[in-house]
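*Asks:* Here it is, the structure in full.
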Amino acid sequence: MTDTRFDPSQSDGHWQLAWDKAGTFNADSNSPKPKSYVLEMFPYPSGRIHMGHVRNYAMGDVLARYKRMRGFEVLHPMGWDAFGMPAENAAMEKNVHPGGWTRQNIETMKAQLKRIGFALDWNREFATCDPEYYGHEQALFLDMYEAGLVYRRSSEVNWDPVDMTVLANEQVIDGKGWRSGAEVEKRKLDQWFLKITQFADDLLEGLGSLDDWPEKVRLMQENWIGKSTGLEFSFDLSNGDKLPVYTTRPDTIFGSSFCAIAADHPLAQSVAASDPTALEFIEECKRGGTTAAELETAEKLGFDTGITAQHPFSGEALPVFIANFVLMDYGTGAVMGVPGHDQRDFEFATKYGLPIARVVASDVADADKPFAGEAEAGDGLLVNSDFLDGKSVADAKADVIARAEAGKWGQGTTVWRLRDWGISRQRYWGTPIPFIHCAQEGGGCGVVPVPKDQLPVTLPDDVDFQTPGNPLERHPTWKHVNCPKCGGTAERETDTLDTFTNSSWYFLRFASQPDDRPFDPEEVAKWLPVEQYIGGVEHAILHLLYARFWTRALQHCGLLTLAEPFASLFTQGMVTHETYSRDVYDDGPDHPRTRFFTPAEVDRGGESASLKSDGAPVDIGRVIKMSKSKKNVVDPDNIIDTYGADAARWFMLSDSPPERDLPWSEAGIEGCGRFVQRLWRLFESADAAARGEDKTLDRKSHQTIAAVADDIEALSFNKAVARIYELTGAAEKAAPSASRNFAIRTILLLVSPMMPHLAEEAWHKADWARAGSDGLIADAAWPELDEALLVEDEVTIAIQHKGKLRDTITAPKGAAKEDLEALALASEKVQRSLDGAEVRKVIVVPDRLVNIVT
RNA sequence: GCGGGUGUGGCGGAAUGGUAGACGCCGGGGACUUAAAAUCCCCUGAUCCUAUAGAUCGUGCGAGUUCGAGUCUCGCCACCCGCACCA
């Protein structure tokens, strides 16, 4: 036996090259094997791979490699979600081209991924900024346009007047642009929309079929879609107009004591036209903040318009208020106020002294029970409600809706929270929207789609980012084209598509990549749905909902037969680390600023930490997600340099359950590095000539084969890891025998999806393990399981008395209850515990325990 | 406010209602070595103790069901995540 060490710096690259050369992980759609599509959310090429990526892809990788071992033809692709704002930000800050910056990042990150040895089919790699990709996306967009799923309308946006660009809601901080700091304006712009609301019901219904999605994600999408049913009806107003309102509680209609409309409701606008105080109130409403904290504390404010609304049943005149808590973009932008049974209405009525009537009570006898300072939104029986008295809430709802419909003054309706998807972005680095605005007099041909044979509409390269605004808009030539219809002068659409469209169909393009169309439905059908999709929970709503929508929309267009793209979804936890910081006073003694330090800059010992450079202490902060801004990051390249790819992969899979956060620790990765060497020594210690059987070890081996397979399929990698540690310990202690060699060979195969480089190295070094085959362990089959060996022939029986463990005994498996009882009572420890007490009852669970009750 | 999740040693975490703490990390002791690194072995929930043994307590808190509860039921508490004036 030689005392060698496994050297990742030699082996890792060697085997990565061997897999590349052999095309080991290239997926063949014509293979007769059953198919399995394993996919991790593709990365945005931001610069470098971080530990979160490593964890995400390590999980998918183990599954992909495992599936191959189980005889599946596996599709495990990788690509780049390459359009987006960071590239344009870099362009502005560093005066580089977004494309060049992105390509450079892709190159860096691809090299990093290759160093980790992921089993990816690089033949199918693409970046969404490739004209070949976004050209097909433009074609799909036109297909959706033809199917009536794309439209254009004027819509309000957040406009940054300094950067001259539209901001997403999350880019508006305290009413100011996140980059420029300028006061954000509301502007009306013509925007493109995708009709996702047409599929609201399908998308909601479809959630019910996604049994292998986390409950949490399904609930989040359900809430986002936000289906509600109720009554829409119109009040007759004192000024002769009609006021449509929507309510989910038509049963409480007799409790209505006012109406409230949104500040930007047309009626409010018309009132403001002749009443400056109304106008002032509306302006005040618009100034109100929209943050969670502000909303929570915001007082309910109203402005009495002097107009009244006639109650449809009682005929009573209800005052109509403009109110700050009514939203224009939900329902009709107007509500009937029922203070007794809606908390907002209650607060409003209390402030303005409006009647608060009880129309629902737990019992008819409680009809006049006062309210305890808040509205009662719960179920009960109707009271003080004329013909509804005594009915249940549900019956009363149905009754009111029926009467409204019969009287033709209202309609039972469904209202959705989901809005159509605005996909226009006034930016350069995205998919150009393939439309042309005809500029002929009298409106000309209007908005004309780019003919498909002129796709792709490519981005111009010669753009500058030193002037604010959309570079496409001010490019000297790009937008000037002829109208495809009349040939007259026309202009290209200069908006680009939201980057979420890029990630809404990439999984189809991975499965099938013809040149002449986006994908081949037959090829797609071979691979999809994705068997296991893995990514961060931050995509629970937008990306995952949009991808589901696109799949259904393409199905609607007749391009696909698939409704749901991802059969099973897994959302993994983050990689976390403590933060190190110190307050510095660079801006003067009264202006402390927190400066963060990377773990590499810090000496960490016991309770304290100090900076390596000056030896002075730093503050140790909470364990949080690794992020550049908090500098609590560990670079995968450094880790691989020190410990090798396998140790890094192993650490990502160990200890923490995959859905939970994984705290990075130096000690943890060191331990993994040691385990790699420990396994290597074990592999080296095998004695091919050893003979003889070790039944206990054989059992352990087979039990581990079964358990690790179950654990990997359940994505419980931490448990699989623990099992492998156990078998490793047992094999190390065992004397040389054929059984021990089998155990070692088993470990080699079981760890091969997790530590593929070490496994290849050992596999090729040990002839006996390969059993004559020249192949790679990456092509080896999962070890065969001997079911008979899963069962123990002897079991340990626990003996309890007074609910506590008193003794354990060993008995043959399947021993009779009477025998177990006798053995238990014969135990000296049990007798001591019994201390002569009378045995009233004995409970025997075969092969498990004996419980003596006195 | 609504919805969801989590809570077990010093730490990460295991446990079909049936021996709580598997496995790993940290720590302690020992072996090997001139020494160190590496490696190997042993110990490692708390308390008591007449200490190779034994007893009591122990899975956020309080009740309950059960022969038996980390696990099931009810009521609380804390923390985390998502949504949020959605009528």
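Note on naming: chains are A, B, ... as they come in the structure tokens, residues start from 1 per chain, ligands start from 1 in the order shown.
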Env of G70 in chain B: 9 Å cut, atoms = only C-alpha atoms (C1' of nucleotides), seq-sep filter 3 positions within chain, self excluded. Answer as a ChimeraX atom specification.
*Replies:* /B:8,15,20,59
*Asks:* I'd like the contact shell of Lys479 in chain A - 8 Å cut-off, only C-alpha atoms (C1' of nucleotides), skipping same-chain residues fewer than 5 positions apart - returned as a list in words.
*Replies:*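 Skipping anything fewer than 5 positions along the chain leaves Leu472, Glu473, Glu491, Arg492, Glu493 and Thr494 of chain A.
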*Asks:* Report, in Å with one decimal, the straight-line distance from CA of Cys483 in chain A to CA of Ala139 in chain A.
*Replies:*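 Separation between CA of Cys483 in chain A and CA of Ala139 in chain A: 18.2 Å.
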*Asks:* Could you please tell me, as a PyMOL selection string, which residues of chain B have an atom within 12 Å of chain A when using only C-alpha atoms (C1' of nucleotides)?
*Replies:* chain B and resi 1-6+10-15+18-20+22-27+38-41+53-56+66-69+80-87
*Asks:* Which residues in range 568-815 of chain A does DSSP call strand (DSSP E or B)? List them as a ChimeraX atom specification.
*Replies:* /A:568-572,575-584,593-597,602-605,608-611,617-625,662-663,794-801,804-812
*Asks:* Taking the backbone alone, and naming residues the way the document does, which bits of range 492-562 of chain A are helix (DSSP H, G or I) by DSSP, as a ChimeraX atom specification?
*Replies:* /A:499-502,506-511,521-527,537-539,542-556
*Asks:* May I have the residues from that selection written out with N, CA and C atoms, as a CSV table (one decimal), in the first residue's frame?
*Replies:*
chain,number,residue,atom,x,y,z
A,499,THR,N,-36.6,41.4,-19.8
A,499,THR,CA,-35.7,40.2,-19.8
A,499,THR,C,-36.4,39.0,-19.3
A,500,PHE,N,-37.5,39.1,-18.6
A,500,PHE,CA,-38.2,37.9,-18.2
A,500,PHE,C,-38.8,37.1,-19.4
A,501,THR,N,-38.9,37.8,-20.6
A,501,THR,CA,-39.4,37.0,-21.7
A,501,THR,C,-38.3,36.1,-22.2
A,502,ASN,N,-37.0,36.5,-22.0
A,502,ASN,CA,-35.9,35.6,-22.4
A,502,ASN,C,-35.9,34.3,-21.7
A,506,TYR,N,-36.5,29.5,-22.6
A,506,TYR,CA,-35.2,29.0,-22.9
A,506,TYR,C,-35.1,27.5,-22.7
A,507,PHE,N,-35.9,27.0,-21.8
A,507,PHE,CA,-35.9,25.5,-21.5
A,507,PHE,C,-36.4,24.7,-22.8
A,508,LEU,N,-37.2,25.4,-23.6
A,508,LEU,CA,-37.6,24.7,-24.9
A,508,LEU,C,-36.4,24.7,-25.9
A,509,ARG,N,-35.7,25.8,-25.9
A,509,ARG,CA,-34.6,25.9,-26.9
A,509,ARG,C,-33.4,25.0,-26.5
A,510,PHE,N,-33.3,24.7,-25.2
A,510,PHE,CA,-32.3,23.7,-24.8
A,510,PHE,C,-32.6,22.4,-25.3
A,511,ALA,N,-33.9,22.1,-25.4
A,511,ALA,CA,-34.3,20.7,-25.8
A,511,ALA,C,-34.3,20.6,-27.3
A,521,PRO,N,-41.4,20.9,-32.1
A,521,PRO,CA,-42.3,20.4,-31.1
A,521,PRO,C,-42.1,18.9,-30.8
A,522,GLU,N,-41.7,18.2,-31.8
A,522,GLU,CA,-41.5,16.7,-31.6
A,522,GLU,C,-40.3,16.5,-30.7
A,523,GLU,N,-39.2,17.2,-31.0
A,523,GLU,CA,-38.0,17.1,-30.1
A,523,GLU,C,-38.4,17.6,-28.7
A,524,VAL,N,-39.1,18.7,-28.6
A,524,VAL,CA,-39.5,19.2,-27.3
A,524,VAL,C,-40.3,18.1,-26.5
A,525,ALA,N,-41.2,17.5,-27.3
A,525,ALA,CA,-42.0,16.5,-26.6
A,525,ALA,C,-41.2,15.3,-26.0
A,526,LYS,N,-40.0,15.1,-26.6
A,526,LYS,CA,-39.2,14.0,-26.1
A,526,LYS,C,-38.6,14.3,-24.7
A,527,TRP,N,-38.4,15.5,-24.5
A,527,TRP,CA,-37.7,15.9,-23.2
A,527,TRP,C,-38.6,16.5,-22.2
A,537,VAL,N,-35.8,30.6,-4.6
A,537,VAL,CA,-37.2,30.9,-4.3
A,537,VAL,C,-37.6,32.3,-4.7
A,538,GLU,N,-36.6,33.1,-4.9
A,538,GLU,CA,-36.8,34.5,-5.3
A,538,GLU,C,-37.5,34.6,-6.7
A,539,HIS,N,-37.5,33.4,-7.4
A,539,HIS,CA,-38.2,33.4,-8.7
A,539,HIS,C,-39.6,32.7,-8.6
A,542,LEU,N,-42.5,35.7,-10.4
A,542,LEU,CA,-42.4,36.3,-11.7
A,542,LEU,C,-41.9,35.2,-12.8
A,543,HIS,N,-40.6,34.8,-12.6
A,543,HIS,CA,-40.1,33.9,-13.6
A,543,HIS,C,-41.0,32.7,-13.8
A,544,LEU,N,-41.3,32.0,-12.7
A,544,LEU,CA,-42.0,30.8,-12.8
A,544,LEU,C,-43.5,31.0,-13.4
A,545,LEU,N,-44.1,32.1,-13.1
A,545,LEU,CA,-45.4,32.4,-13.6
A,545,LEU,C,-45.3,32.7,-15.1
A,546,TYR,N,-44.3,33.5,-15.5
A,546,TYR,CA,-44.2,33.9,-16.9
A,546,TYR,C,-43.8,32.7,-17.7
A,547,ALA,N,-43.0,31.8,-17.2
A,547,ALA,CA,-42.6,30.6,-18.0
A,547,ALA,C,-43.8,29.7,-18.2
A,548,ARG,N,-44.7,29.6,-17.2
A,548,ARG,CA,-45.9,28.8,-17.3
A,548,ARG,C,-46.8,29.5,-18.3
A,549,PHE,N,-46.9,30.8,-18.2
A,549,PHE,CA,-47.8,31.5,-19.2
A,549,PHE,C,-47.3,31.3,-20.6
A,550,TRP,N,-46.0,31.5,-20.9
A,550,TRP,CA,-45.5,31.3,-22.2
A,550,TRP,C,-45.8,29.9,-22.8
A,551,THR,N,-45.6,29.0,-21.9
A,551,THR,CA,-45.8,27.6,-22.4
A,551,THR,C,-47.3,27.4,-22.8
A,552,ARG,N,-48.2,28.0,-22.0
A,552,ARG,CA,-49.6,27.9,-22.3
A,552,ARG,C,-50.0,28.7,-23.5
A,553,ALA,N,-49.3,29.9,-23.6
A,553,ALA,CA,-49.6,30.8,-24.8
A,553,ALA,C,-49.1,30.1,-26.0
A,554,LEU,N,-48.0,29.4,-26.0
A,554,LEU,CA,-47.5,28.7,-27.2
A,554,LEU,C,-48.3,27.5,-27.5
A,555,GLN,N,-48.8,26.9,-26.5
A,555,GLN,CA,-49.8,25.8,-26.7
A,555,GLN,C,-51.0,26.4,-27.4
A,556,HIS,N,-51.5,27.5,-26.9
A,556,HIS,CA,-52.7,28.2,-27.5
A,556,HIS,C,-52.4,28.5,-29.0
*Asks:* Which residues come within 7 Å of range 58-71 of chain A, counting only C-alpha atoms (C1' of nucleotides), excluding same-chain residues fewer than 2 positions away, as a list in words?
*Replies:*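 Those residues are Lys33, Val38, Leu39, Glu40, Val54, Arg55, Asn56, Glu73, Val74, His76, Phe118, Ala119, Ile534, Arg649, Ile712, Pro753, Met754, Asp779, Ala780, Ala781 and Trp782 of chain A.
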*Asks:* What lies within 7 Å of range 381-392 of chain A using only C-alpha atoms (C1' of nucleotides), ignoring chain neighbours under 4 positions off, as a PyMOL selection string?
*Replies:* chain A and resi 254+359-364+367+396
*Asks:* May I have the residues from that selection written out with N, CA and C atoms, as a JSON list (two decimals), in the first residue's frame?
*Replies:*
[["chain", "number", "residue", "atom", "x", "y", "z"],
["A", 254, "PHE", "N", -76.92, 45.92, 2.93],
["A", 254, "PHE", "CA", -77.76, 46.76, 3.80],
["A", 254, "PHE", "C", -76.94, 47.48, 4.87],
["A", 359, "VAL", "N", -74.91, 44.05, 10.13],
["A", 359, "VAL", "CA", -75.80, 43.27, 9.27],
["A", 359, "VAL", "C", -75.46, 41.78, 9.29],
["A", 360, "VAL", "N", -74.37, 41.43, 9.99],
["A", 360, "VAL", "CA", -74.04, 40.02, 10.17],
["A", 360, "VAL", "C", -73.78, 39.81, 11.66],
["A", 361, "ALA", "N", -74.37, 38.76, 12.24],
["A", 361, "ALA", "CA", -74.14, 38.44, 13.64],
["A", 361, "ALA", "C", -74.02, 36.93, 13.77],
["A", 362, "SER", "N", -73.39, 36.50, 14.87],
["A", 362, "SER", "CA", -73.24, 35.06, 15.05],
["A", 362, "SER", "C", -74.60, 34.41, 15.31],
["A", 363, "ASP", "N", -75.54, 35.21, 15.82],
["A", 363, "ASP", "CA", -76.89, 34.70, 16.06],
["A", 363, "ASP", "C", -77.90, 35.82, 15.81],
["A", 364, "VAL", "N", -79.08, 35.45, 15.38],
["A", 364, "VAL", "CA", -80.10, 36.45, 15.08],
["A", 364, "VAL", "C", -80.40, 37.31, 16.31],
["A", 367, "ALA", "N", -78.55, 40.81, 16.99],
["A", 367, "ALA", "CA", -78.70, 41.80, 15.92],
["A", 367, "ALA", "C", -78.25, 43.20, 16.32],
["A", 396, "ALA", "N", -76.99, 34.64, 1.34],
["A", 396, "ALA", "CA", -77.31, 36.05, 1.12],
["A", 396, "ALA", "C", -76.55, 36.59, -0.08]]
*Asks:* Can you measure CA of Gln112 in chain A to CA of Pro43 in chain A for me? One decimal in Å is fine.
*Replies:* 12.6 Å
*Asks:* Could you tell me how far CA of Thr431 in chain A lies from CA of Thr496 in chain A, in Å and to one decimal?
*Replies:*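 Answer for the CA of Thr431 in chain A to CA of Thr496 in chain A separation: 5.1 Å.
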